[in-house]
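Source file: coords.cif; contents: mmCIF, C-alpha atoms.
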data_entry
loop_
_atom_site.label_atom_id
_atom_site.label_comp_id
_atom_site.auth_asym_id
_atom_site.auth_seq_id
_atom_site.Cartn_x
_atom_site.Cartn_y
_atom_site.Cartn_z
CA MET A 1 74.22 151.47 51.32
CA LYS A 2 71.80 149.51 53.50
CA LYS A 3 72.26 146.48 51.24
CA VAL A 4 76.05 146.69 51.70
CA LYS A 5 75.65 146.89 55.49
CA ARG A 6 73.34 143.89 55.50
CA ARG A 7 75.78 141.89 53.39
CA ALA A 8 78.68 142.89 55.67
CA ALA A 9 76.67 141.88 58.73
CA CYS A 10 75.84 138.52 57.16
CA ALA A 11 79.50 137.99 56.30
CA LEU A 12 80.52 138.79 59.85
CA LEU A 13 77.91 136.40 61.23
CA ILE A 14 79.11 133.64 58.92
CA ALA A 15 82.73 134.30 59.91
CA ALA A 16 81.80 134.28 63.58
CA ALA A 17 79.91 131.00 63.14
CA ILE A 18 82.92 129.48 61.39
CA ILE A 19 85.23 130.64 64.19
CA VAL A 20 82.89 129.29 66.87
CA GLY A 21 82.54 126.04 64.98
CA MET A 22 86.32 125.69 64.64
CA ALA A 23 86.74 126.42 68.34
CA VAL A 24 84.18 123.77 69.25
CA TYR A 25 85.87 121.31 66.89
CA LEU A 26 89.32 121.98 68.36
CA VAL A 27 88.02 121.52 71.89
CA ARG A 28 86.35 118.27 70.92
CA LEU A 29 89.49 117.20 69.08
CA ALA A 30 91.58 117.84 72.18
CA ASP A 31 89.15 115.89 74.33
CA HIS A 32 88.29 113.04 71.97
CA GLY A 33 90.92 113.05 69.22
CA ALA A 34 92.69 110.01 70.61
CA ASP A 35 89.39 108.10 70.76
CA TRP A 36 88.62 108.98 67.15
CA ALA A 37 92.09 107.96 65.97
CA MET A 38 91.96 104.72 67.97
CA PHE A 39 88.76 103.49 66.34
CA ARG A 40 88.97 99.69 66.34
CA ALA A 41 88.43 99.48 62.58
CA ASN A 42 91.54 101.62 61.90
CA PRO A 43 93.95 99.18 60.16
CA ASP A 44 96.93 101.43 60.91
CA VAL A 45 96.47 100.70 64.61
CA TYR A 46 94.59 97.44 64.98
CA GLN A 47 94.70 94.05 63.33
CA ASN A 48 91.57 91.96 63.87
CA GLY A 49 90.70 94.23 66.78
CA VAL A 50 94.10 93.79 68.48
CA LEU A 51 96.56 96.65 68.96
CA ASN A 52 99.25 96.17 66.35
CA THR A 53 101.80 98.85 67.12
CA GLY A 54 104.08 100.25 69.84
CA THR A 55 106.62 99.14 72.43
CA LEU A 56 106.40 99.09 76.24
CA THR A 57 109.50 99.11 78.43
CA ASP A 58 110.20 99.31 82.14
CA ARG A 59 112.03 102.25 83.72
CA ASN A 60 115.40 100.73 82.78
CA GLY A 61 114.56 100.19 79.11
CA LEU A 62 113.79 96.47 79.41
CA LEU A 63 111.26 95.41 76.79
CA LEU A 64 107.96 94.37 78.36
CA ALA A 65 105.66 94.18 75.33
CA GLN A 66 105.83 94.96 71.62
CA ALA A 67 103.43 94.70 68.69
CA GLY A 68 103.83 95.21 64.95
CA ASN A 69 102.99 93.52 61.65
CA GLY A 70 100.83 91.00 63.48
CA VAL A 71 103.71 89.87 65.70
CA TYR A 72 103.36 90.17 69.48
CA ARG A 73 106.20 89.94 72.00
CA TYR A 74 106.54 90.06 75.75
CA ALA A 75 109.65 90.16 77.95
CA ASP A 76 112.23 87.44 77.35
CA ASP A 77 112.25 86.35 81.02
CA ALA A 78 109.26 84.23 82.07
CA ALA A 79 109.46 85.51 85.66
CA VAL A 80 109.23 89.10 84.41
CA ARG A 81 106.35 88.29 82.07
CA THR A 82 104.39 86.76 84.92
CA ALA A 83 105.17 89.44 87.49
CA CYS A 84 104.41 92.33 85.12
CA LEU A 85 101.29 90.86 83.52
CA HIS A 86 98.71 93.02 85.29
CA ALA A 87 100.74 96.22 84.93
CA VAL A 88 101.48 95.56 81.25
CA GLY A 89 98.25 93.86 80.24
CA ASP A 90 97.88 91.39 77.41
CA TYR A 91 97.19 91.60 73.70
CA SER A 92 94.28 89.20 74.11
CA GLY A 93 92.41 91.97 75.94
CA ASN A 94 91.62 89.95 79.06
CA ILE A 95 93.24 92.51 81.37
CA GLY A 96 91.54 95.78 80.59
CA THR A 97 93.45 97.90 83.13
CA GLY A 98 96.93 97.10 81.78
CA ALA A 99 99.19 99.57 79.98
CA VAL A 100 98.60 97.93 76.58
CA THR A 101 94.96 99.03 76.79
CA ALA A 102 95.26 102.15 78.93
CA PHE A 103 98.06 103.70 76.87
CA ALA A 104 97.04 102.41 73.44
CA SER A 105 96.99 105.89 71.86
CA ARG A 106 100.47 106.64 73.19
CA LEU A 107 101.74 103.33 71.85
CA ALA A 108 100.25 104.19 68.46
CA GLY A 109 102.15 107.49 68.53
CA TYR A 110 99.08 109.71 68.61
CA SER A 111 99.51 113.41 69.29
CA PHE A 112 97.13 116.35 69.00
CA VAL A 113 99.36 118.04 66.39
CA ASN A 114 100.52 115.10 64.26
CA GLY A 115 97.71 112.60 64.74
CA LEU A 116 98.95 109.02 64.33
CA TYR A 117 102.12 109.95 62.51
CA SER A 118 104.99 107.52 63.14
CA PRO A 119 108.25 107.97 61.18
CA ASP A 120 108.91 104.26 60.75
CA GLY A 121 105.35 103.05 61.08
CA THR A 122 106.04 101.08 64.25
CA GLY A 123 104.28 103.38 66.69
CA ALA A 124 105.96 104.78 69.77
CA THR A 125 107.89 103.52 72.78
CA VAL A 126 106.17 104.09 76.10
CA GLU A 127 108.37 103.87 79.19
CA LEU A 128 106.68 102.72 82.39
CA THR A 129 107.83 103.65 85.88
CA ILE A 130 107.85 100.06 87.14
CA ASP A 131 111.09 98.17 87.71
CA ALA A 132 110.79 94.70 86.16
CA SER A 133 113.36 93.21 88.54
CA LEU A 134 111.50 94.57 91.57
CA GLN A 135 108.25 93.23 90.15
CA ALA A 136 109.78 89.75 89.88
CA THR A 137 111.10 89.98 93.44
CA ALA A 138 107.67 90.94 94.78
CA TYR A 139 105.85 88.21 92.88
CA GLN A 140 108.33 85.57 94.05
CA ALA A 141 108.00 86.78 97.65
CA LEU A 142 104.25 86.11 97.51
CA TRP A 143 105.10 82.39 97.19
CA GLY A 144 101.97 81.49 95.26
CA ARG A 145 99.62 83.37 97.57
CA LYS A 146 97.00 85.79 96.31
CA GLY A 147 97.65 89.42 97.02
CA ALA A 148 98.80 92.86 95.95
CA VAL A 149 102.10 94.71 96.28
CA LEU A 150 102.48 98.43 95.61
CA VAL A 151 105.62 100.56 95.98
CA CYS A 152 105.68 104.24 95.05
CA ASN A 153 108.22 107.06 95.23
CA TYR A 154 106.12 109.51 97.24
CA GLU A 155 108.15 112.53 96.10
CA THR A 156 107.86 111.92 92.34
CA GLY A 157 104.71 109.79 92.31
CA GLU A 158 106.42 107.09 90.26
CA ILE A 159 105.06 103.59 90.90
CA LEU A 160 108.05 101.26 91.03
CA CYS A 161 106.10 98.09 91.75
CA MET A 162 102.51 97.07 91.07
CA VAL A 163 102.10 93.30 91.38
CA SER A 164 98.86 91.36 91.53
CA ALA A 165 98.64 87.64 92.22
CA PRO A 166 97.70 85.15 91.00
CA SER A 167 99.20 85.77 87.57
CA PHE A 168 100.40 83.68 84.67
CA ASP A 169 102.90 83.72 81.82
CA PRO A 170 101.17 85.20 78.74
CA ASN A 171 103.51 83.12 76.57
CA GLY A 172 102.60 79.93 78.37
CA THR A 173 99.60 77.67 78.61
CA VAL A 174 97.54 77.78 81.78
CA ASP A 175 94.03 76.79 82.73
CA VAL A 176 92.75 80.04 84.22
CA ASN A 177 89.73 78.18 85.56
CA ALA A 178 91.85 75.87 87.67
CA ALA A 179 92.00 76.15 91.46
CA GLY A 180 94.22 78.99 92.60
CA TYR A 181 93.55 81.18 89.56
CA GLU A 182 90.26 82.73 90.69
CA GLY A 183 90.16 86.35 89.57
CA VAL A 184 93.42 85.99 87.66
CA TYR A 185 92.46 88.69 85.14
CA LEU A 186 91.71 91.16 87.93
CA ASN A 187 94.40 93.62 89.01
CA ARG A 188 93.97 93.41 92.78
CA CYS A 189 95.93 96.65 93.22
CA LEU A 190 93.37 98.66 91.27
CA SER A 191 90.15 96.74 90.74
CA SER A 192 89.47 95.01 94.07
CA THR A 193 88.52 96.02 97.59
CA PHE A 194 89.24 94.19 100.84
CA PRO A 195 88.50 94.53 104.56
CA PRO A 196 91.39 96.67 105.83
CA GLY A 197 91.65 95.55 109.42
CA SER A 198 93.92 97.63 111.62
CA ILE A 199 95.57 99.69 108.88
CA PHE A 200 92.29 101.63 109.02
CA LYS A 201 93.31 102.75 112.51
CA LEU A 202 95.52 105.28 110.69
CA VAL A 203 92.29 106.92 109.49
CA THR A 204 90.68 106.82 112.92
CA ALA A 205 93.92 108.16 114.43
CA ALA A 206 93.92 111.15 112.06
CA ALA A 207 90.31 111.94 112.98
CA ALA A 208 91.15 111.62 116.68
CA ILE A 209 94.18 113.92 116.42
CA GLU A 210 92.01 116.66 114.93
CA ASN A 211 88.85 116.21 116.99
CA ILE A 212 89.79 115.09 120.52
CA PRO A 213 91.55 118.00 122.28
CA ASP A 214 93.02 116.07 125.23
CA LEU A 215 94.05 113.03 123.17
CA ARG A 216 97.77 113.21 124.06
CA GLU A 217 97.15 113.51 127.80
CA ARG A 218 94.43 110.89 128.02
CA THR A 219 94.97 107.36 129.33
CA PHE A 220 93.16 104.50 127.61
CA THR A 221 92.55 101.36 129.63
CA CYS A 222 92.48 97.91 128.04
CA GLN A 223 91.49 94.82 130.03
CA GLY A 224 91.40 92.52 127.03
CA GLN A 225 87.80 93.29 126.13
CA LEU A 226 85.27 96.11 126.12
CA GLU A 227 81.53 95.89 126.63
CA VAL A 228 79.51 97.95 124.15
CA ASP A 229 75.73 97.88 124.59
CA GLY A 230 75.78 94.33 125.91
CA GLU A 231 78.21 92.97 123.30
CA THR A 232 81.94 92.40 123.60
CA VAL A 233 84.77 93.92 121.64
CA VAL A 234 87.72 91.56 122.00
CA CYS A 235 91.29 92.85 121.94
CA THR A 236 94.45 91.03 120.88
CA GLY A 237 95.99 91.49 124.32
CA TRP A 238 95.69 92.98 127.81
CA HIS A 239 97.36 96.36 127.43
CA GLY A 240 96.39 98.02 130.72
CA ASP A 241 96.73 101.80 130.91
CA GLN A 242 98.29 103.32 127.80
CA LEU A 243 98.84 106.67 126.13
CA PHE A 244 97.53 107.33 122.63
CA GLU A 245 100.87 106.60 120.96
CA ASP A 246 100.88 103.18 122.62
CA THR A 247 97.32 102.41 121.51
CA LEU A 248 98.49 102.47 117.87
CA ALA A 249 101.68 100.56 118.63
CA ASN A 250 99.63 97.94 120.51
CA SER A 251 96.91 98.10 117.84
CA CYS A 252 94.54 98.08 120.80
CA ASN A 253 90.98 97.27 119.79
CA CYS A 254 89.55 98.43 123.11
CA ALA A 255 91.14 101.88 122.82
CA PHE A 256 90.17 102.38 119.18
CA ALA A 257 86.64 101.20 119.88
CA GLN A 258 86.38 103.95 122.52
CA ILE A 259 87.84 106.49 120.10
CA ALA A 260 85.49 105.47 117.28
CA LEU A 261 82.45 105.77 119.54
CA GLU A 262 83.56 109.18 120.75
CA LEU A 263 84.16 110.46 117.21
CA GLY A 264 80.94 109.05 115.81
CA GLY A 265 80.11 107.49 112.48
CA GLU A 266 79.58 110.73 110.56
CA THR A 267 83.02 112.03 111.49
CA LEU A 268 84.78 108.80 110.58
CA ALA A 269 82.88 108.55 107.30
CA ALA A 270 83.85 112.12 106.44
CA TYR A 271 87.54 111.37 107.00
CA ALA A 272 87.39 108.17 104.95
CA GLU A 273 85.84 110.18 102.13
CA GLN A 274 88.34 113.04 102.54
CA PHE A 275 91.24 110.60 102.20
CA GLY A 276 89.78 109.14 99.00
CA LEU A 277 89.05 105.71 100.46
CA THR A 278 85.34 105.50 99.64
CA SER A 279 85.42 106.86 96.09
CA ALA A 280 86.89 105.56 92.85
CA GLN A 281 90.35 106.95 92.11
CA SER A 282 92.28 107.15 88.84
CA LEU A 283 95.78 106.08 87.89
CA ASN A 284 96.66 107.73 84.56
CA GLY A 285 93.02 107.48 83.60
CA ILE A 286 92.67 103.86 84.77
CA PRO A 287 89.70 103.77 87.16
CA THR A 288 89.96 101.99 90.50
CA ALA A 289 87.39 100.27 92.67
CA ALA A 290 85.65 102.40 95.30
CA GLY A 291 85.94 101.43 98.94
CA ARG A 292 83.23 101.49 101.60
CA PHE A 293 82.68 102.95 105.06
CA ASP A 294 78.95 102.84 105.75
CA VAL A 295 77.68 103.08 109.30
CA ALA A 296 74.53 105.07 108.59
CA ASP A 297 72.18 102.39 109.89
CA THR A 298 74.45 100.55 112.28
CA ASP A 299 74.53 100.26 116.06
CA ARG A 300 77.30 101.32 118.45
CA PHE A 301 78.87 97.86 118.54
CA ASP A 302 79.34 97.75 114.77
CA LEU A 303 80.52 101.35 114.77
CA ALA A 304 83.21 100.38 117.27
CA TRP A 305 84.45 97.65 114.90
CA SER A 306 84.25 100.00 111.89
CA GLY A 307 86.75 102.32 113.52
CA MET A 308 89.16 99.37 113.53
CA GLY A 309 88.64 98.48 109.86
CA GLN A 310 86.17 95.67 110.40
CA TYR A 311 82.33 95.45 110.22
CA ASN A 312 81.68 96.09 106.48
CA ASP A 313 84.68 98.37 105.78
CA LEU A 314 86.42 97.90 102.42
CA VAL A 315 89.45 99.63 100.94
CA ASN A 316 91.23 99.49 97.61
CA PRO A 317 95.02 98.94 97.92
CA TYR A 318 95.87 101.77 95.50
CA ALA A 319 93.55 104.20 97.29
CA PHE A 320 95.24 103.38 100.59
CA LEU A 321 98.66 103.89 98.94
CA ARG A 322 97.59 107.45 98.09
CA TYR A 323 96.75 108.04 101.75
CA ILE A 324 100.12 106.67 102.85
CA CYS A 325 101.88 108.89 100.29
CA ALA A 326 100.05 111.90 101.71
CA ILE A 327 101.13 111.06 105.26
CA ALA A 328 104.74 110.65 104.09
CA GLY A 329 104.52 113.87 102.07
CA GLY A 330 103.40 116.03 104.98
CA GLY A 331 99.72 116.02 104.08
CA SER A 332 99.99 116.30 100.29
CA LEU A 333 100.77 113.73 97.66
CA ARG A 334 102.12 113.81 94.16
CA GLU A 335 99.48 111.80 92.32
CA PRO A 336 100.98 108.42 91.40
CA THR A 337 101.84 107.62 87.80
CA LEU A 338 102.85 104.64 85.66
CA LEU A 339 104.34 106.83 82.90
CA LEU A 340 108.04 107.58 83.25
CA GLY A 341 108.70 111.32 83.01
CA HIS A 342 105.10 112.23 83.78
CA ARG A 343 104.42 114.29 86.90
CA GLY A 344 100.95 114.20 88.34
CA LYS A 345 99.28 117.06 90.13
CA THR A 346 99.72 117.67 93.84
CA THR A 347 96.70 116.80 95.97
CA SER A 348 96.22 117.81 99.60
CA LEU A 349 94.56 115.12 101.72
CA LEU A 350 95.23 116.10 105.33
CA ASP A 351 96.65 118.82 107.54
CA GLU A 352 100.44 119.05 107.67
CA GLY A 353 100.55 118.88 111.46
CA THR A 354 98.32 115.80 111.48
CA ALA A 355 100.54 114.13 108.88
CA GLN A 356 103.66 114.85 110.91
CA GLU A 357 102.09 113.40 114.04
CA LEU A 358 101.06 110.27 112.13
CA GLN A 359 104.62 109.96 110.82
CA GLN A 360 105.96 109.94 114.38
CA LEU A 361 103.31 107.48 115.56
CA MET A 362 104.04 105.08 112.69
CA ASN A 363 107.78 105.25 113.29
CA TYR A 364 107.26 104.65 117.01
CA THR A 365 104.98 101.72 116.19
CA ALA A 366 107.51 100.16 113.81
CA PHE A 367 110.30 100.49 116.38
CA THR A 368 108.49 99.36 119.53
CA ALA A 369 105.99 96.83 118.13
CA TYR A 370 107.65 95.45 115.00
CA GLY A 371 111.32 95.46 115.95
CA SER A 372 112.23 97.57 112.93
CA SER A 373 115.89 97.80 113.96
CA TRP A 374 116.38 94.06 113.42
CA ARG A 375 113.40 93.04 111.28
CA PHE A 376 114.00 95.81 108.73
CA PRO A 377 117.76 96.47 109.07
CA GLY A 378 118.96 99.72 107.57
CA LEU A 379 115.42 100.94 106.82
CA ASP A 380 114.02 103.94 108.70
CA ILE A 381 110.51 102.59 108.45
CA CYS A 382 107.15 104.00 109.52
CA ALA A 383 104.37 101.43 109.27
CA LYS A 384 101.13 99.87 110.46
CA THR A 385 100.01 96.27 110.22
CA GLY A 386 96.51 95.01 109.59
CA THR A 387 94.99 91.60 110.25
CA ALA A 388 91.51 91.68 108.73
CA GLU A 389 89.06 89.00 109.80
CA VAL A 390 87.06 87.72 106.84
CA GLY A 391 84.80 85.06 108.35
CA ASP A 392 85.81 81.67 107.04
CA GLY A 393 89.51 81.15 106.45
CA SER A 394 92.60 82.96 107.65
CA PRO A 395 92.59 86.76 107.96
CA HIS A 396 93.92 89.03 105.24
CA ALA A 397 97.39 90.32 106.12
CA TRP A 398 98.27 93.99 105.49
CA PHE A 399 101.39 96.07 105.92
CA ALA A 400 101.38 99.74 104.92
CA GLY A 401 103.87 102.53 105.46
CA PHE A 402 106.87 104.40 104.10
CA LEU A 403 110.60 104.93 104.46
CA ARG A 404 112.06 108.15 105.84
CA ASN A 405 114.93 108.15 103.37
CA GLU A 406 115.97 111.08 101.15
CA ASP A 407 117.52 108.74 98.59
CA HIS A 408 114.67 106.23 98.66
CA PRO A 409 111.41 107.99 99.59
CA LEU A 410 109.25 104.91 99.20
CA ALA A 411 105.65 104.36 100.25
CA PHE A 412 104.20 100.86 100.16
CA VAL A 413 101.05 98.80 100.66
CA VAL A 414 101.22 95.01 100.83
CA LEU A 415 98.23 92.68 101.03
CA VAL A 416 98.37 88.90 101.34
CA GLU A 417 94.89 87.40 101.03
CA ASN A 418 94.19 84.95 103.85
CA GLY A 419 97.82 85.35 104.83
CA GLY A 420 97.29 85.35 108.59
CA GLY A 421 99.15 87.86 110.78
CA GLY A 422 99.91 91.20 109.20
CA LEU A 423 103.48 91.46 110.43
CA ASP A 424 104.61 87.91 109.73
CA ALA A 425 103.01 87.57 106.30
CA ALA A 426 102.75 91.05 104.77
CA GLY A 427 105.52 92.66 106.85
CA THR A 428 108.07 90.03 105.92
CA LEU A 429 107.14 90.33 102.25
CA ALA A 430 107.38 94.13 102.43
CA GLY A 431 110.83 93.87 103.99
CA THR A 432 112.06 91.69 101.13
CA VAL A 433 110.73 94.07 98.48
CA LEU A 434 111.96 97.24 100.23
CA GLN A 435 115.45 95.87 100.70
CA ALA A 436 115.56 95.04 96.98
CA ALA A 437 114.26 98.49 96.08
CA VAL A 438 116.86 100.26 98.21
CA ALA A 439 119.69 98.05 96.93
CA GLY A 440 118.29 98.66 93.47
#

Encoding of this model in structure tokens:
Amino acid sequence: MKKVKRRAACALLIAAAIIVGMAVYLVRLADHGADWAMFRANPDVYQNGVLNTGTLTDRNGLLLAQAGNGVYRYADDAAVRTACLHAVGDYSGNIGTGAVTAFASRLAGYSFVNGLYSPDGTGATVELTIDASLQATAYQALWGRKGAVLVCNYETGEILCMVSAPSFDPNGTVDVNAAGYEGVYLNRCLSSTFPPGSIFKLVTAAAAIENIPDLRERTFTCQGQLEVDGETVVCTGWHGDQLFEDTLANSCNCAFAQIALELGGETLAAYAEQFGLTSAQSLNGIPTAAGRFDVADTDRFDLAWSGMGQYNDLVNPYAFLRYICAIAGGGSLREPTLLLGHRGKTTSLLDEGTAQELQQLMNYTAFTAYGSSWRFPGLDICAKTGTAEVGDGSPHAWFAGFLRNEDHPLAFVVLVENGGGGLDAAGTLAGTVLQAAVAG
């Protein structure tokens, strides 16, 4: 009898070990199955190390890229090929953040249940959220300048436009080492950081709203410059006495220097981190560059400039788009996506009341400072410009904001490297792209 019990116990232990082992295997399969299936030596997926299956289209079904039987295709239109290069990627593998690389397992038709099964052996069709026509419009509007253009539906999270320049036609011949093509393989929307200039005042403004009780009643005085510990903060104008809403509309350096000093570096750094501006983000698993707000060892003069997006501040365009989406969404954002039909999780970045106040401030700024009624006709726009000084050369031009439009809930971030004034360079470009998106 004891022998039978011992044998039964051993059998139960073996069964339990098998069950635990199967559970561990299934978990690992769920986590890493796609990586195992997409092993570079798998001839069903790769040919000479190059993805050899699957079709990419834009949101309207336009073919963007296709591979099979050693034949590789891109879009028929050269303008579309060039404008979509960084979003799509290339079969040469130079652009590692493009959809061809990021969604390789989807293009191969991999699934947890069926593995790499494909009925006709040609892989799967992956539909992206981008609009190829809008991409071409944005790239053309850059007029050969370096920069980044992002447009996102802040209700669904769908990215309609993600353009990085310079670019090139993957079907053409170009010397990527020639002047003007520096960093051509880099997606500036995702993999680069830049001094933000005055768009960072939207971060300082959020911190001020939540930490300075008498902010709305206070008067800020600007006499064109502000002395801070024996050094001078220079403003873009002489704004006199102004309320807080006018300090943002005037983009007053003197006022925001005072606000930054009152808030302190730790508070501003905490808000930059809370809004996801100093950490790497992810777009469908594609990692982004991390920004920077570091005033730990700085003096009051540099802290004053940090609150205005200068000193050593850096932001990633995509990370700032997330912040804009959260403002437009009442404090929360639907995480952006490049996959049509995919809905990302909802992330809360800031208090609803703070977001609503920022919405009003940005709309007031667009109307009073940017002439939105005539510069952006038909668009109920909320926005902030940025003109980021970069030492030698012209400043980087920024324009970030969103539309208050139920039919077209669009958030946007536009950067023109060394473009000069934020409104004239980036604002004009944004207007062109937004009008095309709304007409769509």

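Atom CA of Ala326 of chain A sits 22.7 Å away from atom CA of Ile259 of chain A.
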
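Among the candidate residues A:Tyr181, A:Tyr139, A:Tyr72, A:Phe103, the one lying nearest to Met162 of chain A is A:Tyr139, with distances computed using all atoms listed in the file.
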
Could you state which residues are captured by the PyMOL selection byres ((chain A and resi 168-172) around 12) in this file, as a VMD selection string?
-> chain A and resid 64 to 65 72 to 86 88 to 95 139 144 163 to 167 173 to 176 178 180 to 186

Non-local contacts of segment 405-412 of chain A (6 Å; only C-alpha atoms; under 2 positions in same chain excluded) as a list of chain:residue names | A:Leu150, A:Val151, A:Cys152, A:Asn153, A:Tyr154, A:Cys325, A:Ala400, A:Gly401, A:Phe402, A:Leu403

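Proximity ranking of A:Gly285, A:Gly68, A:Gly309, A:Gly157 relative to Gly98 of chain A places A:Gly285 first, based on all atoms listed in the file.
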
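The set of residues that the PyMOL selection byres ((chain A and resi 429) around 9) takes from this file is A:Ala138, A:Ala141, A:Leu142, A:Val149, A:Phe399, A:Val414, A:Val416, A:Asp424, A:Ala425, A:Ala426, A:Gly427, A:Thr428, A:Ala430, A:Gly431, A:Thr432, A:Val433, A:Leu434.
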
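Put simply, atom CA of Leu134 of chain A is 12.5 Å away from atom CA of Leu62 of chain A.
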
If the PyMOL selection byres ((chain A and resi 371-385) around 8) is run on the structure shown, which residues does it catch, given as a ChimeraX atom specification?
-> /A:198-199,202,359-370,386-387,397-405,422-423,427,431,435

So that I can see what lies close to segment 214-223 of chain A, please list as a PDB file with C-alpha atoms, in the frame of the given file the residues with an atom at most 12 Å from it, counting all atoms listed in the file and leaving out residues fewer than 2 positions away in the same chain.
ATOM      1  CA  ALA A 205      93.920 108.160 114.430  1.00  0.00           C
ATOM      2  CA  ALA A 206      93.920 111.150 112.060  1.00  0.00           C
ATOM      3  CA  ALA A 207      90.310 111.940 112.980  1.00  0.00           C
ATOM      4  CA  ALA A 208      91.150 111.620 116.680  1.00  0.00           C
ATOM      5  CA  ILE A 209      94.180 113.920 116.420  1.00  0.00           C
ATOM      6  CA  GLU A 210      92.010 116.660 114.930  1.00  0.00           C
ATOM      7  CA  ASN A 211      88.850 116.210 116.990  1.00  0.00           C
ATOM      8  CA  ILE A 212      89.790 115.090 120.520  1.00  0.00           C
ATOM      9  CA  GLN A 225      87.800  93.290 126.130  1.00  0.00           C
ATOM     10  CA  LEU A 226      85.270  96.110 126.120  1.00  0.00           C
ATOM     11  CA  GLU A 227      81.530  95.890 126.630  1.00  0.00           C
ATOM     12  CA  THR A 232      81.940  92.400 123.600  1.00  0.00           C
ATOM     13  CA  VAL A 233      84.770  93.920 121.640  1.00  0.00           C
ATOM     14  CA  VAL A 234      87.720  91.560 122.000  1.00  0.00           C
ATOM     15  CA  CYS A 235      91.290  92.850 121.940  1.00  0.00           C
ATOM     16  CA  THR A 236      94.450  91.030 120.880  1.00  0.00           C
ATOM     17  CA  GLY A 237      95.990  91.490 124.320  1.00  0.00           C
ATOM     18  CA  TRP A 238      95.690  92.980 127.810  1.00  0.00           C
ATOM     19  CA  HIS A 239      97.360  96.360 127.430  1.00  0.00           C
ATOM     20  CA  GLY A 240      96.390  98.020 130.720  1.00  0.00           C
ATOM     21  CA  ASP A 241      96.730 101.800 130.910  1.00  0.00           C
ATOM     22  CA  GLN A 242      98.290 103.320 127.800  1.00  0.00           C
ATOM     23  CA  LEU A 243      98.840 106.670 126.130  1.00  0.00           C
ATOM     24  CA  PHE A 244      97.530 107.330 122.630  1.00  0.00           C
ATOM     25  CA  GLU A 245     100.870 106.600 120.960  1.00  0.00           C
ATOM     26  CA  ASP A 246     100.880 103.180 122.620  1.00  0.00           C
ATOM     27  CA  THR A 247      97.320 102.410 121.510  1.00  0.00           C
ATOM     28  CA  LEU A 248      98.490 102.470 117.870  1.00  0.00           C
ATOM     29  CA  ASN A 250      99.630  97.940 120.510  1.00  0.00           C
ATOM     30  CA  SER A 251      96.910  98.100 117.840  1.00  0.00           C
ATOM     31  CA  CYS A 252      94.540  98.080 120.800  1.00  0.00           C
ATOM     32  CA  ASN A 253      90.980  97.270 119.790  1.00  0.00           C
ATOM     33  CA  CYS A 254      89.550  98.430 123.110  1.00  0.00           C
ATOM     34  CA  ALA A 255      91.140 101.880 122.820  1.00  0.00           C
ATOM     35  CA  PHE A 256      90.170 102.380 119.180  1.00  0.00           C
ATOM     36  CA  ALA A 257      86.640 101.200 119.880  1.00  0.00           C
ATOM     37  CA  GLN A 258      86.380 103.950 122.520  1.00  0.00           C
ATOM     38  CA  ILE A 259      87.840 106.490 120.100  1.00  0.00           C
ATOM     39  CA  GLU A 262      83.560 109.180 120.750  1.00  0.00           C
ATOM     40  CA  LEU A 263      84.160 110.460 117.210  1.00  0.00           C
ATOM     41  CA  GLU A 357     102.090 113.400 114.040  1.00  0.00           C
ATOM     42  CA  LEU A 361     103.310 107.480 115.560  1.00  0.00           C
TER      43      LEU A 361
END

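For the set A:Asn60, A:Thr101, A:Thr193, A:Thr53, the residue with the smallest atom-to-atom gap to Val315 of chain A is A:Thr193, counting only C-alpha atoms.
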
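From atom CA of Asp58 of chain A back to atom CA of Gly329 of chain A, the distance works out to 25.3 Å.
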
What's the 9 Å shell around Gln281 of chain A, counting all atoms listed in the file, without same-chain residues fewer than 5 positions away, as number ranges by chain?
-> A: 190, 276, 286-290, 318-319

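Nearest-residue note for Arg188 of chain A: choosing from A:Leu160, A:Leu350, A:Leu303, A:Ala87, the minimum distance belongs to A:Ala87, counting only C-alpha atoms.
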
Counting all atoms listed in the file, figure out which residue out of A:Leu333, A:Ile159, A:Ala260, A:Leu56 gets nearest to Thr204 of chain A.
-> A:Ala260

Counting only C-alpha atoms, closest pick from A:Ala437, A:Leu51, A:Ala296, A:Val390 relative to Gln310 of chain A is A:Val390

If we count all atoms listed in the file, what is near Phe293 of chain A at a cut-off of 12 Å, once residues fewer than 6 positions away on the same chain are taken out, given as a PyMOL selection string?
-> chain A and resi 193-196+200+203-204+265-279+302-303+305-316

With segment 340-349 of chain A as the partner and 7 Å as the cut-off, tabulate the residues of segment 88-184 of chain A that qualify, each row holding the nearest pair of atoms and their distance in Å to one decimal, using all atoms listed in the file, sorted by chain and rising number, as a Markdown table.
| residue | atom | partner | partner_atom | distance |
| --- | --- | --- | --- | --- |
| A:Glu127 | CA | A:Leu340 | CA | 5.5 |
| A:Leu128 | CA | A:Leu340 | CA | 5.1 |
| A:Thr129 | CA | A:Leu340 | CA | 4.7 |
| A:Thr156 | CA | A:Arg343 | CA | 6.9 |
